[in-house]
Amino acid sequence: MNPFFINPVIGLQSKFSTTALTAAAATASMQTRGGQGAAAPFMKLRLSLILASLGAVSAFGFNAKSTSVKTFRGQQGAAAPFMKADRGLSLDSESKFSTTALTAAAATASMQTRGGGDSKGGLDIPLMMYFLFWYIGNYYYNITNKLALKAAGGSAGFPMTISALQLLVGSVYGIFLWLAPDARQKPKVTMDDIVKMLPVAFCFAGAHSASVFALSAGAVSFGQIVKAAEPAFAAVLSQFVYNKPVSKAKWACLPIIIGGVILASVKELDFAMSALVAACIANLFAAFKGNESKKLMETEGFKDRVGSVGNQFALTTIMGFLMSIPVVLLREGSRMGEFVDIFKTNPVVSANLIASGLWFYGYNELATMTLKKTGAVTQSVANTAKRVIVIVGVAIVLGESLDPMKLVGCGIGIGGVLLYSVIDQLLAKKKAPASA
C-alpha cells in the first residue's frame with residue numbers, strides 16, 4: 001500500500017507526520033533483518049503499512065486551523081483541488097463563474113462521500129479508514145507485543161518493563177506532535193485538570209500493564225477471550241460503586257459472557273492461572289477507567305482546555321508511563337542491566353517493542369476517533385468484529401491452539417458481549433411501537 005494514499009483521503013498535507021514517522025517505521029523494518037527462529041516470518045512488517053497507519057493517526061492530531069484539515073471538513077474547502085485546476089486552465093474573466101460552479105458541484109460530491117446531505121447510502125471514506133487502521137493496528141500490536149515478550153523471556157522476563165516502554169514510545173510520539181509546526185495544538189489544561197486526570201491515567205496504566213502481563217503468561221487468543229468479559233466488571237462497578245443501575249436485561253447477559261469464558265478456558269492448551277488473573281485485573285482497571293473518564297468529561301470547560309481527543313490520550317499516556325515507573329523498579333529494577341543487554345543485542349525485542357508501542361498508541365487513538373463518529377450499536381458490533389479478527393488471526397499467525405471447544409466458548413462469550421451492549425436499545429425499539 002502506498003504510504004501516502006491515506007493522506008489525501010483524510011486531508012493530511014503536513015510533511016512533519018511522514019518525516020517523524022519514518023524513524024519509527026525504519027525501526028519496525030529492522031524486523032526484516034532481525035527475525036530470528038520461528039519469529040522471522042512475523043517480523044516482516046511493511047514500511048509502507050506502518051507509515052500509512054501512523055499517518056492516519058496523525059490526522060487527529062493536526063491543528064484544526066490548518067489548511068489541510070479545512071480542505072476536507074469544509075464543504076467549500078472540499079472543492080479546493082477543483083478550484084486549483086480551474087485557475088490553472090482559465091485564461092479570461094469568465095473563470096470566476098466556472099470556479100463558483102465547480103465549488104457547488106464539489107460541495108455536493110463531498111457531502112455524498114461523507115454520507116451527509118440528502119444522499120442516503122453514501123460512503124464515509126474517512127470513517128472506513130478509521131475502522132481499517134484501528135483493526136490493523138490492534139492486530140499488529142498483539143503480534144509485535146507477543147513477539148517482544150516471548151523473546152524477552154515471557155512472564156518470567158520483563159513484561160512490566162516492556163509495557164512501560166510501550167507507553168514511553170507513545171508519549172514521545174504525542175509530544176512530537178505538539179512540538180512539530182502545524183501539527184497538534186498543545187492543550188491548555190490547568191493543574192486542577194491534571195489532578196482530575198490522575199485516576200484515569202492510573203487505571204489506564206494498570207489496565208495496560210496487567211494486559212501485557214496476561215499476554216506474556218498465556219496465549220494471546222486466551223487473553224483476548226478473558227478480556228472480552230469486561231462488561232461483567234463494568235456492570236458490577238456501575239451498580240455498586242458508581243450508583244448507576246444496570247438494567248435487568250444486561251444482568252441476564254452476564255452468565256452468557258462468563259459461561260463462554262469458562263468454556264474457552266477448559267480446552268485452553270496454554271492455560272495459566274496467572275494469565276487469567278492478570279486479564280481479570282486488566283478488566284477491573286478498564287471498567288474503573290471507563291467510569292472515571294465519564295466523570296472527567298463532565299468537568300466544566302475541560303473539553304475546551306484539552307483541545308482534542310488526541311491531546312487527552314497523549315496526556316493520559318504520558319501520565320500512565322510516569323505511574324508505571326515505580327512498578328517497573330519494584331518488580332524488575334534489580335534486573336534492569338540484563339534487560340538493557342537484551343534490548344541492545346536482540347533485534348526481535350528492540351524492534352518489536354518499539355513497533356508495538358507505536359501500534360498501541362495508534363490503534364487506541366484511532367479507536368477513540370472511530371467510536372466518536374459512530375453510534376452505540378455500531379461501536380458494539382465493531383468492537384465484537386475486531387476481537388474476533390484478532391483472536392482468530394493472531395492464533396493462526398502465532399500457531400496458538402484453536403480447539404473447537406475454545407472456539408465455541410469464544411463465540412458464546414463474544415456473542416454475549418455484543419448482546420449486552422445492544423440489549424437495551426433493542427428492547428427500547430421494541431417498546432416504542434407498542435406505546436405508540
# chains A, B, ... in the order shown; residues from 1 in each chain; ligands from 1
$ residues_around --residues "A:Val349" --least-positions-apart "2" --cutoff "8 Å" --atoms "only C-alpha atoms" --output "NGL selection string"
:A and (147-149 or 151-152 or 342-343 or 346-347 or 351-353)
$ atom_distance --atom1 "atom CA of A:Val390" --atom2 "atom CA of A:Ser238"
27.9 Å
$ atom_distance --atom1 "atom CA of A:Ile396" --atom2 "atom CA of A:Thr384"
18.5 Å
$ atom_distance --atom1 "atom CA of A:Ile225" --atom2 "atom CA of A:Leu127"
26.6 Å
$ residues_around --residues "A:Asn291" --least-positions-apart "6" --cutoff "9 Å" --atoms "only C-alpha atoms" --output "list in words"
Val200, Ala234, Leu237, Ser238 and Tyr242 of chain A
$ write_last_selection --atoms "all heavy atoms" --output "PDB file, in the first residue's frame"
ATOM      1  N   VAL A 200      -7.878   8.500  35.968  1.00  0.00           N
ATOM      2  CA  VAL A 200      -7.982   7.918  34.627  1.00  0.00           C
ATOM      3  C   VAL A 200      -6.632   7.362  34.186  1.00  0.00           C
ATOM      4  O   VAL A 200      -6.540   6.243  33.663  1.00  0.00           O
ATOM      5  CB  VAL A 200      -8.478   8.969  33.608  1.00  0.00           C
ATOM      6  CG1 VAL A 200      -8.509   8.389  32.201  1.00  0.00           C
ATOM      7  CG2 VAL A 200      -9.855   9.472  33.991  1.00  0.00           C
ATOM      8  N   ALA A 234     -17.686  -4.053  34.489  1.00  0.00           N
ATOM      9  CA  ALA A 234     -18.276  -2.723  34.367  1.00  0.00           C
ATOM     10  C   ALA A 234     -19.665  -2.674  34.995  1.00  0.00           C
ATOM     11  O   ALA A 234     -20.032  -1.678  35.643  1.00  0.00           O
ATOM     12  CB  ALA A 234     -18.359  -2.328  32.888  1.00  0.00           C
ATOM     13  N   LEU A 237     -19.337  -2.622  38.888  1.00  0.00           N
ATOM     14  CA  LEU A 237     -18.858  -1.319  39.361  1.00  0.00           C
ATOM     15  C   LEU A 237     -19.929  -0.246  39.209  1.00  0.00           C
ATOM     16  O   LEU A 237     -20.125   0.586  40.102  1.00  0.00           O
ATOM     17  CB  LEU A 237     -17.596  -0.908  38.587  1.00  0.00           C
ATOM     18  CG  LEU A 237     -16.319  -1.681  38.905  1.00  0.00           C
ATOM     19  CD1 LEU A 237     -15.180  -1.190  38.034  1.00  0.00           C
ATOM     20  CD2 LEU A 237     -15.951  -1.528  40.381  1.00  0.00           C
ATOM     21  N   SER A 238     -20.605  -0.225  38.063  1.00  0.00           N
ATOM     22  CA  SER A 238     -21.638   0.783  37.832  1.00  0.00           C
ATOM     23  C   SER A 238     -22.758   0.667  38.859  1.00  0.00           C
ATOM     24  O   SER A 238     -23.251   1.673  39.373  1.00  0.00           O
ATOM     25  CB  SER A 238     -22.220   0.635  36.417  1.00  0.00           C
ATOM     26  OG  SER A 238     -21.241   0.900  35.437  1.00  0.00           O
ATOM     27  N   TYR A 242     -20.530   3.154  41.540  1.00  0.00           N
ATOM     28  CA  TYR A 242     -20.865   4.463  40.976  1.00  0.00           C
ATOM     29  C   TYR A 242     -22.365   4.764  41.026  1.00  0.00           C
ATOM     30  O   TYR A 242     -22.804   5.792  40.504  1.00  0.00           O
ATOM     31  CB  TYR A 242     -20.357   4.553  39.541  1.00  0.00           C
ATOM     32  CG  TYR A 242     -18.853   4.592  39.464  1.00  0.00           C
ATOM     33  CD1 TYR A 242     -18.115   3.421  39.302  1.00  0.00           C
ATOM     34  CD2 TYR A 242     -18.159   5.792  39.577  1.00  0.00           C
ATOM     35  CE1 TYR A 242     -16.734   3.448  39.237  1.00  0.00           C
ATOM     36  CE2 TYR A 242     -16.782   5.828  39.521  1.00  0.00           C
ATOM     37  CZ  TYR A 242     -16.075   4.659  39.348  1.00  0.00           C
ATOM     38  OH  TYR A 242     -14.702   4.690  39.291  1.00  0.00           O
TER      39      TYR A 242
END
$ closest_residue --among "A:Met319, A:Ala219, A:Leu426, A:Ala207" --to "A:Ile391" --atoms "only C-alpha atoms"
A:Ala219
$ closest_residue --among "A:Glu332, A:Phe233, A:Pro245, A:Ser265" --to "A:Gly290" --atoms "only C-alpha atoms"
A:Phe233
$ select_by_dssp --residues "stretch 137-300 of chain A" --states "helix (DSSP H, G or I)" --output "MDAnalysis selection string"
chainID A and resid 137:151 154:156 159:179 191:217 220:227 230:240 248:266 273:297
$ closest_residue --among "A:Ile175, A:Val169, A:Ala180, A:Val220" --to "A:Leu402" --atoms "only C-alpha atoms"
A:Val220
$ closest_residue --among "A:Tyr173, A:Tyr130, A:Tyr420, A:Trp178" --to "A:Trp251" --atoms "only C-alpha atoms"
A:Tyr420
$ residues_around --residues "A:Ser171" --least-positions-apart "6" --cutoff "10 Å" --atoms "only C-alpha atoms" --output "list in words"
Leu165, Phe313, Ala314, Leu315, Thr316, Thr317, Ile318, Met319, Gly320, Phe321, Gly357, Leu358 and Tyr361 of chain A
$ closest_residue --among "A:Leu263, A:Ala275, A:Ala235, A:Val241" --to "A:Val417" --atoms "only C-alpha atoms"
A:Ala235
$ residues_around --residues "A:His208" --least-positions-apart "3" --cutoff "7 Å" --atoms "only C-alpha atoms" --output "VMD selection string"
chain A and resid 163 204 to 205 211 to 212 282
$ write_last_selection --atoms "N, CA and C atoms" --output "CSV table (one decimal), in the first residue's frame"
chain,number,residue,atom,x,y,z
A,163,SER,N,5.8,-3.1,29.0
A,163,SER,CA,4.6,-2.4,29.0
A,163,SER,C,4.8,-0.9,29.2
A,204,PHE,N,-5.6,3.5,33.5
A,204,PHE,CA,-5.1,3.3,32.1
A,204,PHE,C,-3.8,2.5,32.2
A,205,ALA,N,-2.9,3.0,33.1
A,205,ALA,CA,-1.6,2.3,33.2
A,205,ALA,C,-1.8,0.9,33.8
A,211,SER,N,-2.7,-6.2,31.3
A,211,SER,CA,-3.0,-6.9,30.0
A,211,SER,C,-1.7,-7.4,29.4
A,212,VAL,N,-0.6,-6.7,29.4
A,212,VAL,CA,0.6,-7.1,28.9
A,212,VAL,C,1.1,-8.3,29.6
A,282,ALA,N,-6.9,-6.6,34.5
A,282,ALA,CA,-7.0,-5.6,33.4
A,282,ALA,C,-8.4,-5.2,33.2
$ closest_residue --among "A:Asn283, A:Ser356, A:Ser274, A:Asn243" --to "A:Ala229" --atoms "only C-alpha atoms"
A:Asn283
$ residues_around --residues "A:Phe360" --least-positions-apart "3" --cutoff "9 Å" --atoms "only C-alpha atoms" --output "number ranges by chain"
A: 137-138, 140-142, 166-167, 170, 355-357, 363-365
$ write_last_selection --atoms "all heavy atoms" --output "tab-separated table (two decimals), in the first residue's frame"
chain	number	residue	atom	x	y	z
A	137	GLY	N	-4.06	-1.87	13.35
A	137	GLY	CA	-3.21	-1.51	14.48
A	137	GLY	C	-3.34	-2.47	15.64
A	137	GLY	O	-2.35	-2.90	16.23
A	138	ASN	N	-4.57	-2.85	15.97
A	138	ASN	CA	-4.80	-3.78	17.08
A	138	ASN	C	-4.21	-5.15	16.77
A	138	ASN	O	-3.61	-5.80	17.63
A	138	ASN	CB	-6.31	-3.90	17.35
A	138	ASN	CG	-6.60	-4.64	18.64
A	138	ASN	OD1	-6.59	-5.86	18.68
A	138	ASN	ND2	-6.87	-3.90	19.70
A	140	TYR	N	-1.69	-5.93	14.65
A	140	TYR	CA	-0.23	-5.94	14.67
A	140	TYR	C	0.34	-5.63	16.05
A	140	TYR	O	1.44	-6.07	16.39
A	140	TYR	CB	0.33	-4.97	13.63
A	140	TYR	CG	0.39	-5.57	12.25
A	140	TYR	CD1	-0.47	-5.14	11.26
A	140	TYR	CD2	1.30	-6.59	11.97
A	140	TYR	CE1	-0.43	-5.71	9.99
A	140	TYR	CE2	1.35	-7.16	10.72
A	140	TYR	CZ	0.48	-6.72	9.73
A	140	TYR	OH	0.52	-7.28	8.49
A	141	TYR	N	-0.41	-4.88	16.86
A	141	TYR	CA	0.05	-4.67	18.23
A	141	TYR	C	0.14	-5.99	18.96
A	141	TYR	O	1.14	-6.29	19.65
A	141	TYR	CB	-0.88	-3.72	18.99
A	141	TYR	CG	-0.67	-3.82	20.49
A	141	TYR	CD1	0.49	-3.31	21.07
A	141	TYR	CD2	-1.59	-4.48	21.31
A	141	TYR	CE1	0.72	-3.45	22.44
A	141	TYR	CE2	-1.38	-4.61	22.67
A	141	TYR	CZ	-0.22	-4.09	23.23
A	141	TYR	OH	0.01	-4.24	24.58
A	142	ASN	N	-0.90	-6.81	18.86
A	142	ASN	CA	-0.91	-8.09	19.56
A	142	ASN	C	0.22	-9.00	19.10
A	142	ASN	O	0.81	-9.73	19.90
A	142	ASN	CB	-2.27	-8.77	19.37
A	142	ASN	CG	-3.31	-8.25	20.33
A	142	ASN	OD1	-3.37	-8.64	21.49
A	142	ASN	ND2	-4.14	-7.33	19.85
A	166	GLN	N	6.44	0.72	26.14
A	166	GLN	CA	5.44	0.94	25.09
A	166	GLN	C	4.73	2.28	25.30
A	166	GLN	O	4.47	3.01	24.35
A	166	GLN	CB	4.43	-0.21	25.08
A	166	GLN	CG	5.00	-1.51	24.51
A	166	GLN	CD	4.07	-2.70	24.73
A	166	GLN	OE1	3.13	-2.62	25.53
A	166	GLN	NE2	4.34	-3.80	24.05
A	167	LEU	N	4.42	2.57	26.56
A	167	LEU	CA	3.80	3.86	26.87
A	167	LEU	C	4.78	5.01	26.63
A	167	LEU	O	4.37	6.10	26.21
A	167	LEU	CB	3.32	3.89	28.32
A	167	LEU	CG	2.23	2.87	28.70
A	167	LEU	CD1	1.80	3.08	30.15
A	167	LEU	CD2	1.03	2.99	27.78
A	170	GLY	N	4.74	5.82	22.93
A	170	GLY	CA	3.55	6.61	22.62
A	170	GLY	C	3.66	8.04	23.14
A	170	GLY	O	3.23	8.99	22.48
A	355	ALA	N	7.87	-1.07	17.80
A	355	ALA	CA	6.73	-1.19	16.89
A	355	ALA	C	5.43	-1.36	17.66
A	355	ALA	O	4.41	-0.73	17.34
A	355	ALA	CB	6.94	-2.36	15.93
A	356	SER	N	5.45	-2.19	18.70
A	356	SER	CA	4.22	-2.42	19.48
A	356	SER	C	3.79	-1.15	20.20
A	356	SER	O	2.59	-0.90	20.35
A	356	SER	CB	4.44	-3.56	20.49
A	356	SER	OG	5.46	-3.24	21.42
A	357	GLY	N	4.76	-0.33	20.65
A	357	GLY	CA	4.42	0.94	21.28
A	357	GLY	C	3.70	1.87	20.32
A	357	GLY	O	2.72	2.53	20.68
A	363	TYR	N	-3.56	2.58	17.43
A	363	TYR	CA	-4.88	1.97	17.34
A	363	TYR	C	-5.82	2.49	18.42
A	363	TYR	O	-7.04	2.59	18.20
A	363	TYR	CB	-4.79	0.44	17.35
A	363	TYR	CG	-4.91	-0.26	18.68
A	363	TYR	CD1	-6.14	-0.38	19.31
A	363	TYR	CD2	-3.80	-0.84	19.29
A	363	TYR	CE1	-6.26	-1.04	20.53
A	363	TYR	CE2	-3.92	-1.50	20.50
A	363	TYR	CZ	-5.15	-1.59	21.12
A	363	TYR	OH	-5.27	-2.24	22.32
A	364	ASN	N	-5.28	2.86	19.58
A	364	ASN	CA	-6.14	3.42	20.62
A	364	ASN	C	-6.70	4.78	20.22
A	364	ASN	O	-7.88	5.07	20.45
A	364	ASN	CB	-5.37	3.55	21.94
A	364	ASN	CG	-5.45	2.29	22.77
A	364	ASN	OD1	-6.47	1.99	23.38
A	364	ASN	ND2	-4.37	1.52	22.79
A	365	GLU	N	-5.87	5.59	19.61
A	365	GLU	CA	-6.36	6.91	19.18
A	365	GLU	C	-7.35	6.75	18.02
A	365	GLU	O	-8.36	7.45	17.95
A	365	GLU	CB	-5.18	7.79	18.77
A	365	GLU	CG	-5.54	9.26	18.76
A	365	GLU	CD	-4.32	10.17	18.71
A	365	GLU	OE1	-3.38	9.94	19.49
A	365	GLU	OE2	-4.32	11.08	17.88
